[in-house]
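Report on the structure given below.
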Amino acid sequence: MLYNGIMYLCIDIGGTKTLVALVNARGKILHSVKFETPVDQKKFYELLLEQIRINFVMTEVIAFGVAMPGIVKDNRAVWLGNLPWKSFDIAHKLEKDFKLPAFVENDANLAALAETRRVYHKNVYYTFSTGIGGGVTLGGKLSNKYRDFEPGHEKYLYHGKKYEWEDLAAASAVRARYGKLIKEIADRASWDDIIERMLLGLIPQTIQLKPDCVIFGGPLGLALPRYRRSLGKRLAHELPKNVRMPRLLKARHGSFSVIKGCYLYAKANLKTD
């Protein structure tokens with residue numbers, strides 16, 4: 001299918017799934033495809049090329065926006081969190097194969113960029129998915145101080161043992177614990193346990209960061225309306241008096257938050273080149 005006008009090809013690489021979308025100059029998603037992320041790095045890139053060439057017409061695409069888990073330095077992923085890959089210079093590969101610029105950033109940072117274009121000054125975005133990622137924005141822009149924010153890998157004491165937060169509270173951990181999809185969990189006792197796991201990180205990080213707003217994404221985060229009241233009540237009870245209770249919001253772009261951020265990031269970087 002042909003589209004008229006400037007386009008961006010946005011790639012959201014996750015620990016389980018990869019989402020690729022064509023986005024126009026106004027930020028509208030025109031077409032998207034999703035596929036399982038191969039464990040092998042070489043096979044992943046071969047599959048990505050195949051999916052792009054089969055599903056997208058590249059004649060009007062002017063840049064790639066790419067989101068990756070872990071830590072990104074100088075447009076290159078140097079540590080990939082839940083993916084068993086070594087440092088990955090995907091920008092160089094895409095630029096070589098398509099002769100187009102590619103701009104790479106951490107996935108949660110890009111979701112934060114898309115989700116926090118609001119009136120709140122300091123915002124924290126969490127994605128509760130395969131792992132737990134996070135991004136911090138100030139005035140709608142990524143905070144350089146917290147550019148490498150990896151909340152899911154912080155360790156907390158839970159029932160007498162220390163665990164990484166995402167091993168307890170990521171959507172994948174919840175599914176493993178209950179053997180159900182998030183939407184299938186209905187009983188109050190289960191949700192009380194899930195909230196306890198989420199609060200392990202939310203309490204200390206809210207005290208440290210003092211955000212005006214916390215935004216929840218990923219499969220577990222998008223279920224926020226089911227448990228927001230209980231989570232908010234317990235979080236407010238644990239915060240010291242000098243820390244104001246933040247607003248708790250569900251990601252408005254749903255599963256496309258990262259794609260929207262890829263578009264914004266690529267567009268902004270093209271203007272500064």
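Every chain in the structure tokens has a letter given in the order shown (A, B, ...), and although residue numbers restart at 1 in each chain, ligands are simply numbered from 1 in the order shown.
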task = Just the residues within 12 Å of Lys141 of chain A, please, counting only C-alpha atoms, with nothing from its chain fewer than 4 positions along; format it as a ChimeraX atom specification.
result = /A:109-118,120-124,135-137,145-147,261,264-265,268
I want to know what sits within 8 Å of Val61 of chain A, based on only C-alpha atoms, with residues of the same chain fewer than 6 positions away left out; could you give that as a PDB file with C-alpha atoms, in the first residue's frame?
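In the end it all went to result.pdb:
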ATOM      1  CA  ILE A   6       6.905  11.976   4.898  1.00  0.00           C
ATOM      2  CA  MET A   7       7.063   8.726   6.873  1.00  0.00           C
ATOM      3  CA  TYR A   8       9.025   7.265   9.766  1.00  0.00           C
ATOM      4  CA  LEU A   9       9.563   3.562  10.369  1.00  0.00           C
TER       5      LEU A   9
END
Which residues, written as a PDB file with C-alpha atoms, in the first residue's frame, have at least one atom at most 8 Å from segment 182-193 of chain A, with only C-alpha atoms counted and residues fewer than 6 positions away on the same chain left out?
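As a result, around-v6.pdb now contains:
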ATOM      1  CA  ALA A 171       3.884  -8.885  33.966  1.00  0.00           C
ATOM      2  CA  VAL A 174       2.894 -12.282  37.618  1.00  0.00           C
ATOM      3  CA  ARG A 175       1.841 -14.628  34.820  1.00  0.00           C
ATOM      4  CA  PRO A 219       0.338  -5.475  30.246  1.00  0.00           C
ATOM      5  CA  LEU A 220       0.243  -5.094  34.026  1.00  0.00           C
ATOM      6  CA  ALA A 223      -4.646  -2.969  33.966  1.00  0.00           C
ATOM      7  CA  TYR A 227      -6.281  -1.819  41.222  1.00  0.00           C
TER       8      TYR A 227
END
key: Long-range neighbours of Ala251 of chain A as a PyMOL selection string, 9 Å cut-off, only C-alpha atoms, 4 positions minimum in chain   = chain A and resi 111+115+125+215-218+221-222+255+257
key: Using only C-alpha atoms: which of A:Leu47, A:Ser129, A:Thr16, A:Ile29 has the shortest distance to Pro84 of chain A   =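 Looking at the shortest contact to Pro84 of chain A, the residue is A:Thr16.
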ask   = If you run DSSP on this backbone, which residues of segment 37-246 of chain A come out as alpha helix (DSSP H), and could you give them as a PyMOL selection string?
value = chain A and resi 41-55+90-98+107-115+166-169+171-178+188-209+218-221+228-238
key: Near-segment 232-242 of chain A list (9 Å; only C-alpha atoms; drop same-chain fewer than 4 positions) as a list in words   =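 Counting only the stated atoms, we get Ile195, Glu196, Leu199, Leu202, Ile203, Pro204, Thr206, Ile207, Tyr227, Arg228, Pro246, Arg247 and Leu248 of chain A.
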Export of the given selection (N, CA and C atoms) as a PDB file, in the first residue's frame:
ATOM      1  N   ILE A 195      -0.118  -6.107  44.179  1.00  0.00           N
ATOM      2  CA  ILE A 195       0.105  -4.735  44.642  1.00  0.00           C
ATOM      3  C   ILE A 195       1.284  -4.680  45.602  1.00  0.00           C
ATOM      4  N   GLU A 196       1.385  -5.652  46.495  1.00  0.00           N
ATOM      5  CA  GLU A 196       2.524  -5.708  47.422  1.00  0.00           C
ATOM      6  C   GLU A 196       3.836  -5.771  46.645  1.00  0.00           C
ATOM      7  N   LEU A 199       4.591  -2.385  45.006  1.00  0.00           N
ATOM      8  CA  LEU A 199       4.965  -1.360  45.981  1.00  0.00           C
ATOM      9  C   LEU A 199       6.401  -1.497  46.457  1.00  0.00           C
ATOM     10  N   LEU A 202       7.859   0.840  43.974  1.00  0.00           N
ATOM     11  CA  LEU A 202       7.176   2.132  43.854  1.00  0.00           C
ATOM     12  C   LEU A 202       7.380   3.011  45.078  1.00  0.00           C
ATOM     13  N   ILE A 203       7.385   2.427  46.269  1.00  0.00           N
ATOM     14  CA  ILE A 203       7.533   3.254  47.476  1.00  0.00           C
ATOM     15  C   ILE A 203       8.906   3.932  47.525  1.00  0.00           C
ATOM     16  N   PRO A 204      10.025   3.191  47.493  1.00  0.00           N
ATOM     17  CA  PRO A 204      11.323   3.868  47.589  1.00  0.00           C
ATOM     18  C   PRO A 204      11.629   4.769  46.401  1.00  0.00           C
ATOM     19  N   THR A 206       9.422   6.411  44.523  1.00  0.00           N
ATOM     20  CA  THR A 206       8.616   7.621  44.625  1.00  0.00           C
ATOM     21  C   THR A 206       9.212   8.569  45.664  1.00  0.00           C
ATOM     22  N   ILE A 207       9.700   8.042  46.749  1.00  0.00           N
ATOM     23  CA  ILE A 207      10.350   8.872  47.769  1.00  0.00           C
ATOM     24  C   ILE A 207      11.609   9.526  47.204  1.00  0.00           C
ATOM     25  N   TYR A 227      -6.881  -1.824  39.888  1.00  0.00           N
ATOM     26  CA  TYR A 227      -6.281  -1.819  41.222  1.00  0.00           C
ATOM     27  C   TYR A 227      -5.764  -0.437  41.647  1.00  0.00           C
ATOM     28  N   ARG A 228      -6.060   0.603  40.873  1.00  0.00           N
ATOM     29  CA  ARG A 228      -5.528   1.939  41.163  1.00  0.00           C
ATOM     30  C   ARG A 228      -5.881   2.419  42.569  1.00  0.00           C
ATOM     31  N   PRO A 246       1.772  11.363  44.136  1.00  0.00           N
ATOM     32  CA  PRO A 246       1.652  11.685  42.711  1.00  0.00           C
ATOM     33  C   PRO A 246       0.330  11.204  42.129  1.00  0.00           C
ATOM     34  N   ARG A 247      -0.024  11.758  40.989  1.00  0.00           N
ATOM     35  CA  ARG A 247      -1.146  11.217  40.217  1.00  0.00           C
ATOM     36  C   ARG A 247      -0.728   9.871  39.645  1.00  0.00           C
ATOM     37  N   LEU A 248      -1.635   8.926  39.593  1.00  0.00           N
ATOM     38  CA  LEU A 248      -1.384   7.607  39.017  1.00  0.00           C
ATOM     39  C   LEU A 248      -2.237   7.461  37.767  1.00  0.00           C
TER      40      LEU A 248
END
ask   = Taking only C-alpha atoms into account, which of A:Thr37, A:Ser230, A:Thr127, A:Ser143 comes nearest Ala170 of chain A?
value =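 Checking each candidate against Ala170 of chain A, we get A:Thr127 as the closest.
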ask   = Separation of atom CA of Asn106 of chain A and atom CA of Pro69 of chain A, in Å?
value =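 Atom CA of Pro69 of chain A lies 5.5 Å from atom CA of Asn106 of chain A.
In terms of minimum interatomic distance to Ala169 of chain A, A:Gly133 ranks closest within A:Pro211, A:Gly133, A:Gly5, A:Gly140, counting only C-alpha atoms.
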ask   = How far is it from atom CA of Lys17 of chain A to atom CA of His31 of chain A, in Å with one decimal?
value = 16.6 Å
